[in-house]
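**Q** If you scroll down you'll find the structure; I have some questions about it.
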Amino acid sequence: MDDLVQFVMNSRRELAIGLAMILFSVFALAGFWAYGVSKRTYLEKHSISRIGVPHEALGVWQSHGLRGRVLILFDEKLNARREVEGVTPENYVYRAIEGNIIRKIYHILPSSSWPRVEAAISRKLATARDRNGYRLTVEGTPLLIRHLDAFTPPAEEALVLINARAWSPEELTRIAGLIKDGAIKADMVMVTDEGSAPVIAGLGGMYAPE
Amino acid sequence: MRGLRPLLRDLGGCMRPNNLRLILFFLFAAFVLRVLGIWDFPTYRGIESMHVPAAKNYVATGQNTPDTWYQPPMKHILLMASINVFGDNPLGWRLRNVILGSLSCGLLIMLCLELFGDRKIASAAGLMYLLDPLQISISRSSYEDPAAVFFFLLCLYCVLLYVRGKDFALPLAGMSLGAAFAARWYYIPAAIPVFLYVLYHSFWKGRRTPSRAIYIIASFCFLPALAYVSTYYAWFGRGYGLNEYLPMFFDSVRELNALGMGEYKRIVGESGRPSKWFIWPEIILFLDDPQSAWSTGLIFMNNPPVWLLAIPAAIYASVSAWRMKRLDLLLLLLCGGLPYALFLAVNRPIFLYSGLSVLPFVVILIAYAINTALEGHAYFFRFYWGILAVISVWGLYVYPLAIGASVPTALYAPLMAVAHYVRLGGGM
């Protein structure tokens, strides 16, 4: 009888310790999730701004202290060259990654650029093909390359940067429509000055100008 | 000492006073052999120029540059801990691996004593490991392999304690396993036989209860996962959520598998392929001036007198395990064999220093084979001490090159004749 009692007590203790370890692990992992999400900074007031050239966006992001964000980049080039020194039109996206402003990039390509880019990235061994486009990384930062027709926007509020010179007016109107309809959720939209009229018109006062 | 006895009993049968003296001797000897002269190189040496800034960057920002981003981050955390304790100087950069490499030697002895209860096997394995030139040179570098080896050996030792009835050891085994994965992924395939070994001893030999099952799942599934993911705390600090963790992991695997040899050939030269490690001498000798009477050298080799015995020892141990139905021997074979099989199978560069992950099992199996094959022989002790003498003389002969000391060139001419030669400064 004593052995049976001992056995039951040991089993209960073992169960309690096992369940405690499982609960602790689950809560700890949830804690990491909450910690990561807490490190993202968003704008309290949504804004749209015009910039002369795309690489001016880096300064704007830095001035707002943005951190841990998803970037939706509408441009024919990624401009994330690591080997270029300083801050230049060719590496401003890499500097944004380096500064932890950006943690994930959706690079949306105009139709005219798609064949050239697809040919280049499909040759890279570290590229994964998914149903919407391609996935690779820039120093571990996920880079999802999409065609505008096959772009499923993220559910999270993102930073949007549009190089209007790379797009036709019809495509720009379509992009503005995606933002206005809420398909693309963005707290900051930046568009290059030249050719920005369809975007500004399409957003119709949705954002406060900077 | 009286107060320590119950604690030492809990830490295993290997903790009897005589065994404790043996463990402490090897720990001390390992530390001395690995620490000597690490302060003689006041600037970054070899790949430290990448690892040290990367460690600082990871802890500060969650990014791994200038190191590769796809390697797990335990190495950065441990290196920064070492730098924070010992300073941002050669001691801080190198003591992490000196300590972990030395502790691995002690753990190896403890593992042997727990498995075989035979100090001769433990001493032989310990001596081979103590004087292994690759283990010595990597224990003085900033590579992450000593950390992986240490944590995996700790996991195995805790599993053995659990099997001997110390239930508290299983959660420690789980956390150590997670830490080993967070240092190197090499031991992931070896986790399967370890887990099966735990299951076998828990259910076929012990209690088959739901509470025991939950205890094992918690210790060996949840805790390793938590330990592994916890090392990515700085990566989470970049704003990532747990839902982005698995995609990042798969990105890492894809990038690692996309590596080509071309990017690394100039770094380590002809370091040999894993298929040759245990069948052919692989010796790379870095020398600054082989024409002069004295030359500073660094050797990078698979220690042929020991490593070339690995396959015969493994065959012997396999037959032994089958005949005597020894699951613990089978466990050792699989813990060394499965990572090695991974090296053979993956389609990416694998360098000689990765062999460190199988070295503990190689030396244990060789020591076991030598002792049991010769047991009962009339001249057993002559053979045993003779083998130890050969290991010691050879180990001490190559030791100066393992630590990058200045050596008389004439004395090492035979080694230079068979080695791949690289001018010092181009690699390690």
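Chain identifiers are assigned as A, B, and so on, following the order in which chains appear in the structure tokens; residues are numbered from 1 within each chain, and ligands are numbered from 1 in order of appearance.
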Sorted by chain and rising residue number, list the residues of chain A at most 9 Å from chain B (counting only C-alpha atoms), each with its closest atom pair and distance in Å to one decimal, as JSON lines.
**A**
{"residue": "A:Ser11", "atom": "CA", "partner": "B:Ser211", "partner_atom": "CA", "distance": 5.9}
{"residue": "A:Arg12", "atom": "CA", "partner": "B:Ser211", "partner_atom": "CA", "distance": 7.3}
{"residue": "A:Arg13", "atom": "CA", "partner": "B:Ser211", "partner_atom": "CA", "distance": 8.6}
{"residue": "A:Glu14", "atom": "CA", "partner": "B:Ser211", "partner_atom": "CA", "distance": 5.9}
{"residue": "A:Leu15", "atom": "CA", "partner": "B:Ser211", "partner_atom": "CA", "distance": 4.5}
{"residue": "A:Ala16", "atom": "CA", "partner": "B:Ser211", "partner_atom": "CA", "distance": 8.3}
{"residue": "A:Ile17", "atom": "CA", "partner": "B:Tyr215", "partner_atom": "CA", "distance": 7.1}
{"residue": "A:Gly18", "atom": "CA", "partner": "B:Tyr215", "partner_atom": "CA", "distance": 4.2}
{"residue": "A:Leu19", "atom": "CA", "partner": "B:Ile214", "partner_atom": "CA", "distance": 7.1}
{"residue": "A:Ala20", "atom": "CA", "partner": "B:Ala218", "partner_atom": "CA", "distance": 8.6}
{"residue": "A:Met21", "atom": "CA", "partner": "B:Ala218", "partner_atom": "CA", "distance": 5.9}
{"residue": "A:Ile22", "atom": "CA", "partner": "B:Ala218", "partner_atom": "CA", "distance": 5.4}
{"residue": "A:Ser25", "atom": "CA", "partner": "B:Leu226", "partner_atom": "CA", "distance": 5.9}
{"residue": "A:Val26", "atom": "CA", "partner": "B:Phe222", "partner_atom": "CA", "distance": 8.2}
{"residue": "A:Ala28", "atom": "CA", "partner": "B:Leu226", "partner_atom": "CA", "distance": 7.5}
{"residue": "A:Leu29", "atom": "CA", "partner": "B:Leu226", "partner_atom": "CA", "distance": 6.9}
{"residue": "A:Ala30", "atom": "CA", "partner": "B:Leu242", "partner_atom": "CA", "distance": 7.6}
{"residue": "A:Phe32", "atom": "CA", "partner": "B:Phe236", "partner_atom": "CA", "distance": 6.7}
{"residue": "A:Trp33", "atom": "CA", "partner": "B:Gly241", "partner_atom": "CA", "distance": 4.7}
{"residue": "A:Ala34", "atom": "CA", "partner": "B:Gly241", "partner_atom": "CA", "distance": 7.3}
{"residue": "A:Tyr35", "atom": "CA", "partner": "B:Gly237", "partner_atom": "CA", "distance": 6.9}
{"residue": "A:Gly36", "atom": "CA", "partner": "B:Gly239", "partner_atom": "CA", "distance": 4.3}
{"residue": "A:Val37", "atom": "CA", "partner": "B:Gly239", "partner_atom": "CA", "distance": 5.4}
{"residue": "A:Ser38", "atom": "CA", "partner": "B:Gly239", "partner_atom": "CA", "distance": 7.1}
{"residue": "A:Lys39", "atom": "CA", "partner": "B:Gly239", "partner_atom": "CA", "distance": 4.9}
{"residue": "A:Arg40", "atom": "CA", "partner": "B:Gly239", "partner_atom": "CA", "distance": 5.2}
{"residue": "A:Thr41", "atom": "CA", "partner": "B:Gly239", "partner_atom": "CA", "distance": 8.8}
{"residue": "A:Arg67", "atom": "CA", "partner": "B:Gly239", "partner_atom": "CA", "distance": 7.3}
{"residue": "A:Gly68", "atom": "CA", "partner": "B:Gly239", "partner_atom": "CA", "distance": 4.4}
{"residue": "A:Arg69", "atom": "CA", "partner": "B:Gly239", "partner_atom": "CA", "distance": 7.3}
{"residue": "A:Glu98", "atom": "CA", "partner": "B:Gln63", "partner_atom": "CA", "distance": 7.8}
{"residue": "A:Gly99", "atom": "CA", "partner": "B:Thr61", "partner_atom": "CA", "distance": 8.2}
{"residue": "A:Asn100", "atom": "CA", "partner": "B:Arg238", "partner_atom": "CA", "distance": 6.0}
{"residue": "A:Ile101", "atom": "CA", "partner": "B:Arg238", "partner_atom": "CA", "distance": 8.4}
{"residue": "A:Ile102", "atom": "CA", "partner": "B:Arg238", "partner_atom": "CA", "distance": 8.6}
{"residue": "A:Arg103", "atom": "CA", "partner": "B:Arg238", "partner_atom": "CA", "distance": 6.8}
{"residue": "A:Lys124", "atom": "CA", "partner": "B:Ala258", "partner_atom": "CA", "distance": 8.4}
{"residue": "A:Leu125", "atom": "CA", "partner": "B:Ala258", "partner_atom": "CA", "distance": 5.3}
{"residue": "A:Ala126", "atom": "CA", "partner": "B:Glu255", "partner_atom": "CA", "distance": 5.0}
{"residue": "A:Thr127", "atom": "CA", "partner": "B:Arg254", "partner_atom": "CA", "distance": 7.8}
{"residue": "A:Ala128", "atom": "CA", "partner": "B:Arg254", "partner_atom": "CA", "distance": 8.2}
{"residue": "A:Arg135", "atom": "CA", "partner": "B:Asp251", "partner_atom": "CA", "distance": 8.6}
{"residue": "A:Leu136", "atom": "CA", "partner": "B:Asp251", "partner_atom": "CA", "distance": 7.3}
{"residue": "A:Thr137", "atom": "CA", "partner": "B:Asp251", "partner_atom": "CA", "distance": 7.4}
{"residue": "A:Glu139", "atom": "CA", "partner": "B:Trp69", "partner_atom": "CA", "distance": 6.0}
{"residue": "A:Gly140", "atom": "CA", "partner": "B:Trp69", "partner_atom": "CA", "distance": 5.8}
{"residue": "A:Thr141", "atom": "CA", "partner": "B:Met248", "partner_atom": "CA", "distance": 8.4}
{"residue": "A:Pro142", "atom": "CA", "partner": "B:Met248", "partner_atom": "CA", "distance": 7.6}
**Q** Within 9 Å of Gly195 (chain A), counting only C-alpha atoms, which residues qualify if same-chain residues fewer than 5 places away don't, as a list in words?
**A**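 Counting only C-alpha atoms, the residues come to Asn163, Ala164, Arg165, Trp167, Ser168, Pro169 and Leu172 of chain A.
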**Q** Using the chain letters and numbers from this document, which residues of region 189-347 of chain B does DSSP assign to strand (DSSP E), as a list of chain:residue names?
**A** B:Ile283, B:Ile284, B:Leu285, B:Phe286, B:Leu287, B:Trp294, B:Ser295, B:Thr296, B:Gly297, B:Leu298, B:Ile299, B:Phe300, B:Met301
**Q** DSSP on the backbone, helix (DSSP H, G or I) only: what residues of region 5-193 of chain B does that give? Format it as a PyMOL selection string.
**A** chain B and resi 5-10+13-15+17-35+38-40+48-61+74-86+90-116+119-130+133-138+145-163+169-183+185-193
**Q** With only C-alpha atoms as the basis for distance, which of A:Ala119, A:Met190, A:Ala150, A:Ile162 is at the shortest distance from Val60 (chain A)?
**A**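 So, comparing all the options, the nearest one is A:Met190.
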**Q** With a distance cut-off of 8 Å and only C-alpha atoms, select the neighbouring residues of Cys155 (chain B), excluding the residue or stretch itself and same-chain residues fewer than 4 positions from it, and output the selection as a PDB file with C-alpha atoms, in the first residue's frame.
**A**
ATOM      1  CA  PHE B 151      26.556  20.965 -24.992  1.00  0.00           C
ATOM      2  CA  VAL B 159      20.728  11.232 -20.364  1.00  0.00           C
ATOM      3  CA  LEU B 172      18.978  19.420 -18.206  1.00  0.00           C
ATOM      4  CA  ALA B 173      19.597  17.021 -21.081  1.00  0.00           C
ATOM      5  CA  GLY B 174      16.829  18.694 -23.077  1.00  0.00           C
ATOM      6  CA  MET B 175      18.147  22.197 -22.520  1.00  0.00           C
ATOM      7  CA  SER B 176      21.687  21.105 -23.365  1.00  0.00           C
ATOM      8  CA  LEU B 177      20.417  19.516 -26.566  1.00  0.00           C
TER       9      LEU B 177
END
**Q** Show me, as a CSV table (one decimal) with N, CA, C and O atoms, in the first residue's frame, the residues that have an atom within 8 Å of Leu331 (chain B) when counting only C-alpha atoms, minus same-chain residues fewer than 6 positions from it.
**A**
chain,number,residue,atom,x,y,z
B,193,PRO,N,18.5,9.1,-32.1
B,193,PRO,CA,18.8,7.9,-31.3
B,193,PRO,C,18.8,8.2,-29.8
B,193,PRO,O,18.5,7.4,-28.9
B,194,VAL,N,19.2,9.4,-29.4
B,194,VAL,CA,19.2,9.8,-28.0
B,194,VAL,C,17.8,9.8,-27.4
B,194,VAL,O,17.6,9.2,-26.4
B,197,TYR,N,16.6,6.3,-27.1
B,197,TYR,CA,17.3,5.6,-26.0
B,197,TYR,C,16.6,6.0,-24.7
B,197,TYR,O,16.3,5.1,-23.8
**Q** Considering only C-alpha atoms, return as a PDB file with N, CA, C and O atoms, in the first residue's frame whatever protein or nucleic-acid residues lie within 7 Å of Lys185 (chain A), sequence-local ones (same chain, fewer than 2 positions apart) excluded.
**A**
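Just written: around35.pdb:
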ATOM      1  N   GLU A 156      -0.386  43.277 -42.168  1.00  0.00           N
ATOM      2  CA  GLU A 156       0.207  44.275 -41.271  1.00  0.00           C
ATOM      3  C   GLU A 156       0.346  45.614 -41.974  1.00  0.00           C
ATOM      4  O   GLU A 156       0.546  45.678 -43.193  1.00  0.00           O
ATOM      5  N   GLU A 157       0.279  46.684 -41.196  1.00  0.00           N
ATOM      6  CA  GLU A 157       0.500  48.025 -41.732  1.00  0.00           C
ATOM      7  C   GLU A 157       1.950  48.145 -42.168  1.00  0.00           C
ATOM      8  O   GLU A 157       2.863  47.797 -41.413  1.00  0.00           O
ATOM      9  N   ALA A 158       2.159  48.668 -43.368  1.00  0.00           N
ATOM     10  CA  ALA A 158       3.501  48.669 -43.945  1.00  0.00           C
ATOM     11  C   ALA A 158       3.927  50.084 -44.321  1.00  0.00           C
ATOM     12  O   ALA A 158       3.125  51.026 -44.316  1.00  0.00           O
ATOM     13  N   ILE A 179      -4.295  50.917 -52.139  1.00  0.00           N
ATOM     14  CA  ILE A 179      -4.097  51.574 -50.837  1.00  0.00           C
ATOM     15  C   ILE A 179      -5.412  52.156 -50.349  1.00  0.00           C
ATOM     16  O   ILE A 179      -5.807  51.998 -49.188  1.00  0.00           O
ATOM     17  N   GLY A 182      -7.885  49.726 -48.973  1.00  0.00           N
ATOM     18  CA  GLY A 182      -7.467  49.033 -47.746  1.00  0.00           C
ATOM     19  C   GLY A 182      -6.804  47.691 -47.994  1.00  0.00           C
ATOM     20  O   GLY A 182      -6.463  46.983 -47.045  1.00  0.00           O
ATOM     21  N   ALA A 183      -6.649  47.327 -49.276  1.00  0.00           N
ATOM     22  CA  ALA A 183      -5.947  46.067 -49.554  1.00  0.00           C
ATOM     23  C   ALA A 183      -4.501  46.172 -49.070  1.00  0.00           C
ATOM     24  O   ALA A 183      -3.947  45.243 -48.497  1.00  0.00           O
ATOM     25  N   ASP A 187       0.837  53.128 -43.040  1.00  0.00           N
ATOM     26  CA  ASP A 187       0.795  54.337 -42.239  1.00  0.00           C
ATOM     27  C   ASP A 187       1.665  55.441 -42.856  1.00  0.00           C
ATOM     28  O   ASP A 187       1.538  56.600 -42.488  1.00  0.00           O
TER      29      ASP A 187
END
**Q** For Glu194 (chain A), which residue among A:Ala176, A:Ala155, A:Val53, A:Leu144 is the nearest when counting only C-alpha atoms?
**A**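 Using only C-alpha atoms, the shortest distance to Glu194 (chain A) belongs to A:Val53.
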